[in-house]
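As provided, structure.json (JSON, C-alpha atoms) reads as follows.
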```json
[["chain", "number", "residue", "atom", "x", "y", "z"],
["Z", 1, "MET", "CA", -6.21, 129.93, -154.85],
["Z", 2, "ASP", "CA", -7.57, 128.54, -151.60],
["Z", 3, "ALA", "CA", -4.66, 127.89, -149.19],
["Z", 4, "PHE", "CA", -6.65, 125.51, -146.98],
["Z", 5, "PRO", "CA", -7.12, 121.78, -147.62],
["Z", 6, "SER", "CA", -10.30, 121.22, -149.60],
["Z", 7, "THR", "CA", -10.87, 117.53, -149.03],
["Z", 8, "TYR", "CA", -11.27, 115.31, -145.99],
["Z", 9, "GLN", "CA", -8.14, 113.34, -146.91],
["Z", 10, "GLU", "CA", -6.06, 116.49, -147.15],
["Z", 11, "GLN", "CA", -7.34, 117.66, -143.76],
["Z", 12, "GLN", "CA", -6.38, 114.33, -142.22],
["Z", 13, "HIS", "CA", -2.93, 114.53, -143.82],
["Z", 14, "GLU", "CA", -2.43, 118.05, -142.47],
["Z", 15, "ARG", "CA", -3.38, 116.97, -138.94],
["Z", 16, "ALA", "CA", -0.99, 114.01, -139.14],
["Z", 17, "LEU", "CA", 1.83, 116.36, -140.12],
["Z", 18, "GLN", "CA", 1.01, 118.64, -137.19],
["Z", 19, "ARG", "CA", 1.10, 115.68, -134.77],
["Z", 20, "ALA", "CA", 4.43, 114.54, -136.23],
["Z", 21, "ASN", "CA", 5.88, 118.02, -135.79],
["Z", 22, "LYS", "CA", 4.80, 118.02, -132.15],
["Z", 23, "VAL", "CA", 6.46, 114.65, -131.56],
["Z", 24, "CYS", "CA", 9.66, 115.93, -133.16],
["Z", 25, "ALA", "CA", 9.58, 118.97, -130.88],
["Z", 26, "LEU", "CA", 9.26, 116.74, -127.81],
["Z", 27, "ASP", "CA", 12.11, 114.54, -129.02],
["Z", 28, "GLN", "CA", 14.31, 117.61, -129.17],
["Z", 29, "LEU", "CA", 13.93, 118.37, -125.46],
["Z", 30, "PRO", "CA", 17.21, 117.99, -123.51],
["Z", 31, "VAL", "CA", 17.60, 114.75, -121.56],
["Z", 32, "ASP", "CA", 18.05, 116.53, -118.23],
["Z", 33, "LEU", "CA", 14.73, 118.36, -118.75],
["Z", 34, "TRP", "CA", 12.98, 115.04, -119.33],
["Z", 35, "GLN", "CA", 14.58, 113.62, -116.20],
["Z", 36, "ILE", "CA", 13.47, 116.58, -114.10],
["Z", 37, "THR", "CA", 9.94, 116.11, -115.45],
["Z", 38, "PHE", "CA", 9.98, 112.39, -114.61],
["Z", 39, "SER", "CA", 11.23, 113.13, -111.09],
["Z", 40, "PHE", "CA", 7.88, 114.70, -110.17],
["Z", 41, "LEU", "CA", 6.07, 111.39, -110.77],
["Z", 42, "PRO", "CA", 5.29, 108.98, -107.92],
["Z", 43, "LEU", "CA", 7.84, 106.19, -107.89],
["Z", 44, "SER", "CA", 5.06, 103.61, -108.39],
["Z", 45, "ASN", "CA", 4.10, 105.21, -111.74],
["Z", 46, "MET", "CA", 7.57, 105.51, -113.22],
["Z", 47, "CYS", "CA", 7.82, 101.90, -114.41],
["Z", 48, "ASN", "CA", 4.69, 102.36, -116.53],
["Z", 49, "VAL", "CA", 5.90, 105.67, -117.95],
["Z", 50, "PHE", "CA", 9.27, 104.25, -118.97],
["Z", 51, "THR", "CA", 7.59, 101.56, -121.12],
["Z", 52, "VAL", "CA", 6.03, 104.19, -123.42],
["Z", 53, "CYS", "CA", 8.99, 104.24, -125.80],
["Z", 54, "GLN", "CA", 12.64, 103.26, -126.08],
["Z", 55, "GLU", "CA", 13.83, 106.84, -125.65],
["Z", 56, "TRP", "CA", 12.03, 107.30, -122.32],
["Z", 57, "PHE", "CA", 13.38, 103.94, -121.17],
["Z", 58, "ARG", "CA", 16.91, 105.03, -122.06],
["Z", 59, "ILE", "CA", 16.79, 108.41, -120.27],
["Z", 60, "GLY", "CA", 14.79, 107.17, -117.28],
["Z", 61, "GLU", "CA", 14.56, 103.49, -116.45],
["Z", 62, "ASP", "CA", 18.05, 102.62, -117.69],
["Z", 63, "ALA", "CA", 19.95, 105.79, -116.66],
["Z", 64, "MET", "CA", 21.96, 105.72, -113.44],
["Z", 65, "ASP", "CA", 22.33, 109.50, -113.32],
["Z", 66, "PHE", "CA", 18.53, 109.85, -113.25],
["Z", 67, "TRP", "CA", 18.14, 107.61, -110.18],
["Z", 68, "GLN", "CA", 21.05, 109.35, -108.47],
["Z", 69, "MET", "CA", 19.37, 112.70, -109.05],
["Z", 70, "LEU", "CA", 16.02, 111.33, -107.89],
["Z", 71, "TYR", "CA", 17.42, 110.00, -104.61],
["Z", 72, "ARG", "CA", 19.32, 113.18, -103.81],
["Z", 73, "THR", "CA", 16.45, 115.54, -104.59],
["Z", 74, "ARG", "CA", 13.76, 113.53, -102.80],
["Z", 75, "PHE", "CA", 15.57, 112.06, -99.83],
["Z", 76, "GLN", "CA", 18.61, 114.20, -99.06],
["Z", 77, "ASN", "CA", 19.17, 117.77, -97.94],
["Z", 78, "LYS", "CA", 22.81, 117.44, -99.01],
["Z", 79, "ALA", "CA", 24.27, 115.68, -102.04],
["Z", 80, "HIS", "CA", 26.31, 112.95, -100.32],
["Z", 81, "VAL", "CA", 26.57, 109.50, -101.85],
["Z", 82, "PRO", "CA", 24.75, 106.92, -99.68],
["Z", 83, "LEU", "CA", 26.56, 104.21, -97.78],
["Z", 84, "ASP", "CA", 28.16, 101.40, -99.83],
["Z", 85, "LEU", "CA", 25.75, 101.89, -102.71],
["Z", 86, "PRO", "CA", 26.67, 99.72, -105.74],
["Z", 87, "GLN", "CA", 27.46, 101.87, -108.73],
["Z", 88, "SER", "CA", 24.56, 100.49, -110.77],
["Z", 89, "VAL", "CA", 21.07, 101.46, -111.84],
["Z", 90, "GLN", "CA", 19.58, 98.65, -109.77],
["Z", 91, "GLY", "CA", 21.43, 99.82, -106.67],
["Z", 92, "TRP", "CA", 20.03, 103.35, -106.91],
["Z", 93, "LYS", "CA", 16.56, 101.99, -107.62],
["Z", 94, "ALA", "CA", 16.74, 99.82, -104.51],
["Z", 95, "TRP", "CA", 17.67, 102.81, -102.35],
["Z", 96, "CYS", "CA", 14.78, 104.86, -103.72],
["Z", 97, "ALA", "CA", 12.34, 101.99, -103.23],
["Z", 98, "HIS", "CA", 13.59, 101.47, -99.66],
["Z", 99, "ARG", "CA", 12.97, 105.10, -98.70],
["Z", 100, "VAL", "CA", 9.51, 105.18, -100.27],
["Z", 101, "GLY", "CA", 8.59, 102.00, -98.39],
["Z", 102, "LEU", "CA", 9.42, 103.38, -94.93],
["Z", 103, "ASN", "CA", 6.15, 103.64, -93.00],
["Z", 104, "MET", "CA", 4.99, 103.44, -89.40],
["Z", 105, "GLU", "CA", 1.62, 102.97, -87.67],
["Z", 106, "TYR", "CA", 1.12, 104.51, -84.21],
["Z", 107, "SER", "CA", -0.75, 104.00, -80.96],
["Z", 108, "THR", "CA", -1.90, 107.24, -79.31],
["Z", 109, "ARG", "CA", -4.87, 109.16, -77.93],
["Z", 110, "THR", "CA", -3.91, 112.35, -79.73],
["Z", 111, "LYS", "CA", -5.39, 113.62, -82.95],
["Z", 112, "MET", "CA", -3.37, 112.06, -85.77],
["Z", 113, "TRP", "CA", -3.26, 112.47, -89.54],
["Z", 114, "LYS", "CA", -0.97, 111.37, -92.35],
["Z", 115, "ARG", "CA", 0.50, 113.96, -94.69],
["Z", 116, "ASN", "CA", 0.96, 113.51, -98.44],
["Z", 117, "THR", "CA", 4.71, 113.31, -97.84],
["Z", 118, "GLY", "CA", 4.30, 110.16, -95.74],
["Z", 119, "ASN", "CA", 5.06, 111.88, -92.44],
["Z", 120, "VAL", "CA", 2.52, 111.54, -89.61],
["Z", 121, "ALA", "CA", 1.40, 114.59, -87.60],
["Z", 122, "PHE", "CA", -0.01, 114.66, -84.06],
["Z", 123, "LEU", "CA", -1.86, 117.28, -82.00],
["Z", 124, "HIS", "CA", -2.24, 117.09, -78.23],
["Z", 125, "ASP", "CA", -5.99, 117.70, -77.85],
["Z", 126, "GLN", "CA", -6.63, 115.59, -74.74],
["Z", 127, "GLN", "CA", -7.51, 117.36, -71.50],
["Z", 128, "VAL", "CA", -6.96, 115.22, -68.41],
["Z", 129, "SER", "CA", -9.98, 115.25, -66.10],
["Z", 130, "SER", "CA", -8.07, 114.30, -62.94],
["Z", 131, "PHE", "CA", -6.45, 117.12, -60.96],
["Z", 132, "THR", "CA", -3.63, 114.79, -59.86],
["Z", 133, "ALA", "CA", -2.65, 113.42, -63.27],
["Z", 134, "ASP", "CA", -0.07, 114.99, -65.54],
["Z", 135, "ASN", "CA", -1.49, 116.25, -68.82],
["Z", 136, "ILE", "CA", 0.87, 114.06, -70.86],
["Z", 137, "VAL", "CA", -0.08, 112.08, -73.94],
["Z", 138, "SER", "CA", 2.08, 109.34, -75.42],
["Z", 139, "ILE", "CA", 2.79, 108.36, -79.03],
["Z", 140, "ARG", "CA", 4.31, 104.94, -79.77],
["Z", 141, "GLY", "CA", 5.05, 103.14, -83.01],
["Z", 142, "GLU", "CA", 3.26, 99.85, -83.50],
["Z", 143, "ASP", "CA", 6.18, 98.14, -85.25],
["Z", 144, "ASN", "CA", 9.95, 98.01, -84.93],
["Z", 145, "LEU", "CA", 11.69, 101.14, -86.14],
["Z", 146, "PRO", "CA", 12.88, 100.18, -89.66],
["Z", 147, "GLU", "CA", 16.53, 99.34, -90.19],
["Z", 148, "TYR", "CA", 18.12, 101.74, -92.60],
["Z", 149, "ASN", "CA", 18.80, 99.66, -95.73],
["Z", 150, "GLY", "CA", 20.98, 96.98, -94.18],
["Z", 151, "THR", "CA", 23.31, 99.34, -92.31],
["Z", 152, "GLY", "CA", 22.35, 98.14, -88.82],
["Z", 153, "TRP", "CA", 21.21, 101.67, -87.96],
["Z", 154, "HIS", "CA", 17.69, 102.76, -87.07],
["Z", 155, "TYR", "CA", 16.77, 106.44, -87.10],
["Z", 156, "PHE", "CA", 13.80, 108.80, -87.03],
["Z", 157, "GLU", "CA", 13.16, 112.50, -86.51],
["Z", 158, "ALA", "CA", 10.33, 114.24, -84.68],
["Z", 159, "THR", "CA", 9.56, 117.90, -85.32],
["Z", 160, "ILE", "CA", 8.14, 119.30, -82.08],
["Z", 161, "TRP", "CA", 6.17, 122.43, -81.28],
["Z", 162, "GLY", "CA", 5.92, 122.77, -77.50],
["Z", 163, "GLN", "CA", 7.23, 120.63, -74.65],
["Z", 164, "ALA", "CA", 7.98, 116.95, -75.15],
["Z", 165, "SER", "CA", 10.32, 114.01, -74.75],
["Z", 166, "VAL", "CA", 11.62, 111.98, -77.70],
["Z", 167, "GLY", "CA", 13.37, 108.61, -77.84],
["Z", 168, "ILE", "CA", 12.90, 104.88, -78.27],
["Z", 169, "VAL", "CA", 10.66, 102.48, -76.36],
["Z", 170, "SER", "CA", 10.74, 98.69, -76.17],
["Z", 171, "LEU", "CA", 8.27, 96.36, -77.89],
["Z", 172, "GLN", "CA", 9.70, 93.22, -76.27],
["Z", 173, "THR", "CA", 6.70, 92.36, -74.07],
["Z", 174, "GLU", "CA", 3.05, 93.34, -73.78],
["Z", 175, "ASP", "CA", 3.86, 95.26, -70.58],
["Z", 176, "HIS", "CA", 6.46, 97.25, -72.52],
["Z", 177, "ARG", "CA", 3.89, 98.04, -75.19],
["Z", 178, "ARG", "CA", 1.34, 99.21, -72.64],
["Z", 179, "ALA", "CA", 3.91, 101.47, -71.00],
["Z", 180, "TYR", "CA", 3.60, 103.86, -73.96],
["Z", 181, "GLY", "CA", 0.93, 104.61, -76.50],
["Z", 182, "TYR", "CA", -2.83, 104.91, -76.20],
["Z", 183, "ASN", "CA", -3.35, 104.66, -72.43],
["Z", 184, "SER", "CA", 0.00, 106.02, -71.28],
["Z", 185, "ARG", "CA", 0.64, 109.36, -69.59],
["Z", 186, "ALA", "CA", 4.37, 108.91, -69.12],
["Z", 187, "HIS", "CA", 7.35, 110.68, -70.63],
["Z", 188, "VAL", "CA", 9.81, 108.61, -72.64],
["Z", 189, "GLY", "CA", 12.43, 107.23, -70.26],
["Z", 190, "TRP", "CA", 10.15, 106.96, -67.22],
["Z", 191, "HIS", "CA", 8.88, 103.42, -67.84],
["Z", 192, "GLY", "CA", 10.90, 100.46, -69.01],
["Z", 193, "VAL", "CA", 12.46, 99.75, -71.26],
["Z", 194, "SER", "CA", 12.99, 103.18, -72.84],
["Z", 195, "TYR", "CA", 15.42, 106.04, -73.44],
["Z", 196, "GLY", "CA", 14.21, 109.64, -73.78],
["Z", 197, "TYR", "CA", 15.70, 113.09, -74.36],
["Z", 198, "HIS", "CA", 13.62, 115.67, -72.43],
["Z", 199, "ASN", "CA", 13.16, 119.26, -73.51],
["Z", 200, "ASP", "CA", 12.76, 120.97, -70.13],
["Z", 201, "ASP", "CA", 16.17, 120.08, -68.68],
["Z", 202, "GLY", "CA", 18.13, 118.57, -71.61],
["Z", 203, "ARG", "CA", 18.68, 115.37, -69.67],
["Z", 204, "LEU", "CA", 18.62, 111.81, -70.91],
["Z", 205, "TYR", "CA", 16.17, 109.59, -68.99],
["Z", 206, "SER", "CA", 16.46, 105.82, -69.19],
["Z", 207, "ASN", "CA", 14.70, 102.86, -67.61],
["Z", 208, "ILE", "CA", 16.26, 99.46, -68.27],
["Z", 209, "SER", "CA", 14.53, 97.54, -65.47],
["Z", 210, "GLY", "CA", 11.04, 97.30, -66.92],
["Z", 211, "SER", "CA", 9.51, 98.63, -63.71],
["Z", 212, "ARG", "CA", 7.56, 101.85, -63.89],
["Z", 213, "TYR", "CA", 9.28, 105.04, -62.72],
["Z", 214, "ALA", "CA", 12.50, 103.12, -61.94],
["Z", 215, "TYR", "CA", 14.45, 105.48, -64.14],
["Z", 216, "SER", "CA", 17.77, 107.25, -63.94],
["Z", 217, "HIS", "CA", 18.87, 110.40, -65.75],
["Z", 218, "ILE", "CA", 22.09, 112.07, -66.79],
["Z", 219, "SER", "CA", 23.09, 115.41, -68.26],
["Z", 220, "TYR", "CA", 23.11, 115.05, -72.05],
["Z", 221, "GLY", "CA", 22.31, 118.04, -74.29],
["Z", 222, "PRO", "CA", 20.84, 121.54, -74.38],
["Z", 223, "GLU", "CA", 17.29, 122.38, -73.40],
["Z", 224, "TRP", "CA", 14.93, 122.78, -76.33],
["Z", 225, "GLY", "CA", 11.34, 123.35, -77.40],
["Z", 226, "ASN", "CA", 8.68, 126.05, -77.41],
["Z", 227, "GLU", "CA", 5.24, 126.57, -78.94],
["Z", 228, "ARG", "CA", 6.31, 129.17, -81.50],
["Z", 229, "ASN", "CA", 9.29, 127.55, -83.20],
["Z", 230, "ALA", "CA", 9.73, 124.00, -84.42],
["Z", 231, "THR", "CA", 12.53, 121.87, -82.98],
["Z", 232, "VAL", "CA", 13.74, 118.77, -84.84],
["Z", 233, "VAL", "CA", 14.88, 115.99, -82.50],
["Z", 234, "GLY", "CA", 16.37, 112.83, -84.02],
["Z", 235, "CYS", "CA", 17.15, 109.50, -82.39],
["Z", 236, "GLY", "CA", 19.30, 106.71, -83.81],
["Z", 237, "TYR", "CA", 20.54, 103.39, -82.49],
["Z", 238, "ASN", "CA", 22.45, 100.29, -83.55],
["Z", 239, "LEU", "CA", 22.02, 97.13, -81.47],
["Z", 240, "GLN", "CA", 25.01, 95.49, -83.16],
["Z", 241, "THR", "CA", 27.32, 98.11, -81.66],
["Z", 242, "SER", "CA", 25.14, 98.99, -78.61],
["Z", 243, "SER", "CA", 25.14, 102.63, -79.74],
["Z", 244, "LEU", "CA", 22.46, 105.25, -79.15],
["Z", 245, "PHE", "CA", 22.54, 108.94, -80.03],
["Z", 246, "PHE", "CA", 20.32, 111.98, -80.48],
["Z", 247, "THR", "CA", 20.41, 114.95, -82.84],
["Z", 248, "LEU", "CA", 19.03, 118.45, -82.37],
["Z", 249, "ASN", "CA", 18.10, 120.54, -85.42],
["Z", 250, "GLY", "CA", 20.50, 118.50, -87.52],
["Z", 251, "ALA", "CA", 23.44, 118.60, -85.07],
["Z", 252, "PHE", "CA", 24.88, 115.36, -83.68],
["Z", 253, "LEU", "CA", 24.80, 115.47, -79.86],
["Z", 254, "GLY", "CA", 27.03, 112.45, -79.24],
["Z", 255, "TYR", "CA", 26.65, 108.83, -78.19],
["Z", 256, "LEU", "CA", 25.30, 107.91, -74.79],
["Z", 257, "PRO", "CA", 28.07, 107.14, -72.30],
["Z", 258, "LYS", "CA", 28.95, 103.52, -71.65],
["Z", 259, "SER", "CA", 27.43, 103.83, -68.18],
["Z", 260, "VAL", "CA", 23.98, 103.78, -69.83],
["Z", 261, "ALA", "CA", 23.37, 100.18, -70.90],
["Z", 262, "ILE", "CA", 21.56, 99.62, -74.20],
["Z", 263, "VAL", "CA", 19.27, 96.63, -73.66],
["Z", 264, "GLN", "CA", 19.19, 94.28, -76.67],
["Z", 265, "GLN", "CA", 15.50, 94.45, -77.52],
["Z", 266, "PRO", "CA", 13.32, 95.58, -80.45],
["Z", 267, "TYR", "CA", 12.51, 99.30, -80.24],
["Z", 268, "THR", "CA", 10.20, 101.77, -81.86],
["Z", 269, "ALA", "CA", 9.77, 105.54, -81.91],
["Z", 270, "GLY", "CA", 8.39, 107.12, -78.75],
["Z", 271, "ILE", "CA", 7.21, 110.72, -78.26],
["Z", 272, "SER", "CA", 5.38, 112.20, -75.28],
["Z", 273, "LEU", "CA", 3.71, 115.62, -75.55],
["Z", 274, "HIS", "CA", 3.56, 117.48, -72.25],
["Z", 275, "ALA", "CA", 0.80, 120.06, -72.64],
["Z", 276, "LEU", "CA", -2.44, 120.71, -74.46],
["Z", 277, "GLY", "CA", -1.76, 122.19, -77.90],
["Z", 278, "SER", "CA", 1.71, 120.69, -78.29],
["Z", 279, "ARG", "CA", 2.34, 119.17, -81.72],
["Z", 280, "ALA", "CA", 4.66, 116.66, -83.35],
["Z", 281, "GLU", "CA", 5.42, 115.40, -86.84],
["Z", 282, "VAL", "CA", 7.35, 112.15, -87.27],
["Z", 283, "ASN", "CA", 9.60, 111.29, -90.23],
["Z", 284, "VAL", "CA", 10.97, 107.73, -90.47],
["Z", 285, "GLY", "CA", 12.68, 108.35, -93.82],
["Z", 286, "ARG", "CA", 10.03, 109.14, -96.44],
["Z", 287, "GLU", "CA", 11.25, 112.77, -96.41],
["Z", 288, "PRO", "CA", 14.81, 114.16, -96.19],
["Z", 289, "PHE", "CA", 16.22, 114.13, -92.66],
["Z", 290, "THR", "CA", 17.47, 117.37, -91.15],
["Z", 291, "PHE", "CA", 20.50, 115.43, -89.90],
["Z", 292, "ASP", "CA", 22.70, 114.10, -92.73],
["Z", 293, "PHE", "CA", 22.08, 110.47, -91.88],
["Z", 294, "ASP", "CA", 23.48, 109.11, -95.16],
["Z", 295, "LEU", "CA", 26.83, 110.77, -94.49],
["Z", 296, "PHE", "CA", 26.74, 109.58, -90.88],
["Z", 297, "CYS", "CA", 26.25, 105.95, -91.96],
["Z", 298, "LYS", "CA", 29.02, 106.25, -94.52],
["Z", 299, "GLU", "CA", 31.48, 107.61, -91.96],
["Z", 300, "GLU", "CA", 30.52, 104.98, -89.37],
["Z", 301, "THR", "CA", 31.64, 102.14, -91.64],
["Z", 302, "SER", "CA", 35.19, 103.50, -91.59],
["Z", 303, "ARG", "CA", 35.27, 103.70, -87.78],
["Z", 304, "GLY", "CA", 35.65, 100.91, -85.26],
["Z", 305, "VAL", "CA", 33.43, 100.48, -82.22],
["Z", 306, "ALA", "CA", 36.27, 101.75, -80.04],
["Z", 307, "ASP", "CA", 36.23, 105.03, -81.97],
["Z", 308, "ARG", "CA", 32.62, 105.75, -81.02],
["Z", 309, "THR", "CA", 33.63, 107.83, -78.03],
["Z", 310, "PRO", "CA", 30.74, 109.36, -76.07],
["Z", 311, "ILE", "CA", 30.87, 113.12, -75.55],
["Z", 312, "HIS", "CA", 30.43, 112.68, -71.78]]
```

Written as structure tokens, that's how I'd like the structure from this file.
Amino acid sequence: MDAFPSTYQEQQHERALQRANKVCALDQLPVDLWQITFSFLPLSNMCNVFTVCQEWFRIGEDAMDFWQMLYRTRFQNKAHVPLDLPQSVQGWKAWCAHRVGLNMEYSTRTKMWKRNTGNVAFLHDQQVSSFTADNIVSIRGEDNLPEYNGTGWHYFEATIWGQASVGIVSLQTEDHRRAYGYNSRAHVGWHGVSYGYHNDDGRLYSNISGSRYAYSHISYGPEWGNERNATVVGCGYNLQTSSLFFTLNGAFLGYLPKSVAIVQQPYTAGISLHALGSRAEVNVGREPFTFDFDLFCKEETSRGVADRTPIH
């Protein structure tokens, strides 16, 4: 007797049974395996995926453990709970959406390109024609450095190959904007208003007057930077507490001493590359920070302003 279906209807019935068996096999996958699969999707596509069926909605859209896992795997190097996060699905969703939405446009002469991760990379490819000018190129954000999800803190990290200065520069006036960016050949901290951590001497340069080259500098941290190995320099500030700090390869270097006044103005990221071939890549929060900034923010809420003792 022929074991194969002999009619069109029987063939259709057999195919339907095969499809049903496949669906049953998918339904038997563990929930955590589904969640890991969903975590590879862009956040913008997840809402559409979770409307496919009630089961996907339950294990994805409506599951707090999924959004916790997503935040920690995409945006943290360490599994610390973020600052004051409500213990709800909507709270975790909001944190994920906040991190995905962190973007920055830049003004610079250097070659610039945006990576798939959201970070922006820069290459110093500008040779100065004048024999008297320093071969420095400047990179400046076009907008205020984003506040980190209502904490009052602003933070970014720059991965540097070569010699550079990293810090924050003012956007208060048009003169402040012109001091850094496309036409500038100044290190961060030389022109006002700005604060910059320099690689060659480990000193902190600051200019709070607004006049060019009216800067002062203090001993701050170790020297850093070379062409072969990447160095991650972070900078964070909080205007509510007049606090400014830097990190180096994930290590907290301490707050600036009270002798360095923090001018209450809007700031953005500033990087100056010193020599031809130097490179930088800037992360404003789309990728995990090397420094555990979530834990830092959490600990800061339990400390008073008086407890923020500078290391100097």

Contact table range 197-231 of chain Z vs range 253-269 of chain Z, cut-off 12 Å, shortest pair per residue, all atoms listed in the file, as a Markdown table:
```
| residue | atom | partner | partner_atom | distance |
| --- | --- | --- | --- | --- |
| Z:Tyr197 | CA | Z:Leu253 | CA | 10.9 |
| Z:Gly202 | CA | Z:Leu253 | CA | 11.1 |
| Z:Arg203 | CA | Z:Leu256 | CA | 11.2 |
| Z:Leu204 | CA | Z:Leu256 | CA | 8.7 |
| Z:Tyr205 | CA | Z:Val260 | CA | 9.8 |
| Z:Ser206 | CA | Z:Val260 | CA | 7.8 |
| Z:Asn207 | CA | Z:Val260 | CA | 9.6 |
| Z:Ile208 | CA | Z:Val263 | CA | 6.8 |
| Z:Ser209 | CA | Z:Val263 | CA | 9.5 |
| Z:Gly210 | CA | Z:Val263 | CA | 10.7 |
| Z:Tyr215 | CA | Z:Val260 | CA | 11.2 |
| Z:Ser216 | CA | Z:Val260 | CA | 9.2 |
| Z:His217 | CA | Z:Val260 | CA | 9.3 |
| Z:Ile218 | CA | Z:Val260 | CA | 9.0 |
| Z:Ser219 | CA | Z:Leu256 | CA | 10.2 |
| Z:Tyr220 | CA | Z:Leu256 | CA | 8.0 |
| Z:Gly221 | CA | Z:Leu253 | CA | 6.6 |
| Z:Pro222 | CA | Z:Leu253 | CA | 9.1 |
```

How big is the axis-aligned box around all listed atoms of range 121-126 of chain Z once 8 Å goes on each side, and where's its centre, in Å to one decimal, as JSON?
```
{"center_x": -2.6, "center_y": 116.1, "center_z": -81.2, "size_x": 24.0, "size_y": 19.1, "size_z": 28.9}
```

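Between CA of Ile139 in chain Z and CA of Arg286 in chain Z there is a distance of 18.9 Å.
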
Query raised in the report: Between CA of His198 in chain Z and CA of Phe252 in chain Z, what is the distance, to one decimal in Å?
Result: 15.9 Å

Report task. Could you check how far CA of Phe245 in chain Z sits from CA of Asn135 in chain Z, in Å to one decimal? Result -> 27.5 Å

Please return range 186-198 of chain Z, rebuilt to N, CA and C atoms, as a short mmCIF file (atom, residue, chain, number, x, y, z; two decimals), in the frame of the given file.
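out.cif was written with the following content:
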```
data_model
loop_
_atom_site.label_atom_id
_atom_site.label_comp_id
_atom_site.auth_asym_id
_atom_site.auth_seq_id
_atom_site.Cartn_x
_atom_site.Cartn_y
_atom_site.Cartn_z
N ALA Z 186 3.00 108.88 -69.61
CA ALA Z 186 4.37 108.91 -69.12
C ALA Z 186 5.30 109.50 -70.17
N HIS Z 187 6.31 110.20 -69.72
CA HIS Z 187 7.35 110.68 -70.63
C HIS Z 187 8.28 109.52 -71.00
N VAL Z 188 8.87 109.63 -72.18
CA VAL Z 188 9.81 108.61 -72.64
C VAL Z 188 11.01 108.58 -71.70
N GLY Z 189 11.35 107.38 -71.22
CA GLY Z 189 12.43 107.23 -70.26
C GLY Z 189 11.94 106.96 -68.85
N TRP Z 190 10.67 107.20 -68.56
CA TRP Z 190 10.15 106.96 -67.22
C TRP Z 190 9.86 105.48 -66.99
N HIS Z 191 9.23 104.83 -67.96
CA HIS Z 191 8.88 103.42 -67.84
C HIS Z 191 9.84 102.59 -68.68
N GLY Z 192 9.93 101.30 -68.31
CA GLY Z 192 10.90 100.46 -69.01
C GLY Z 192 10.26 99.63 -70.12
N VAL Z 193 11.09 99.29 -71.08
CA VAL Z 193 12.46 99.75 -71.26
C VAL Z 193 12.41 100.90 -72.27
N SER Z 194 13.05 102.04 -71.94
CA SER Z 194 12.99 103.18 -72.84
C SER Z 194 14.12 104.15 -72.55
N TYR Z 195 14.39 105.01 -73.54
CA TYR Z 195 15.42 106.04 -73.44
C TYR Z 195 14.84 107.32 -74.05
N GLY Z 196 14.84 108.43 -73.29
CA GLY Z 196 14.21 109.64 -73.78
C GLY Z 196 15.01 110.90 -73.49
N TYR Z 197 15.04 111.79 -74.47
CA TYR Z 197 15.70 113.09 -74.36
C TYR Z 197 14.61 114.12 -74.07
N HIS Z 198 14.68 114.79 -72.90
CA HIS Z 198 13.62 115.67 -72.43
C HIS Z 198 13.96 117.13 -72.71
#
```
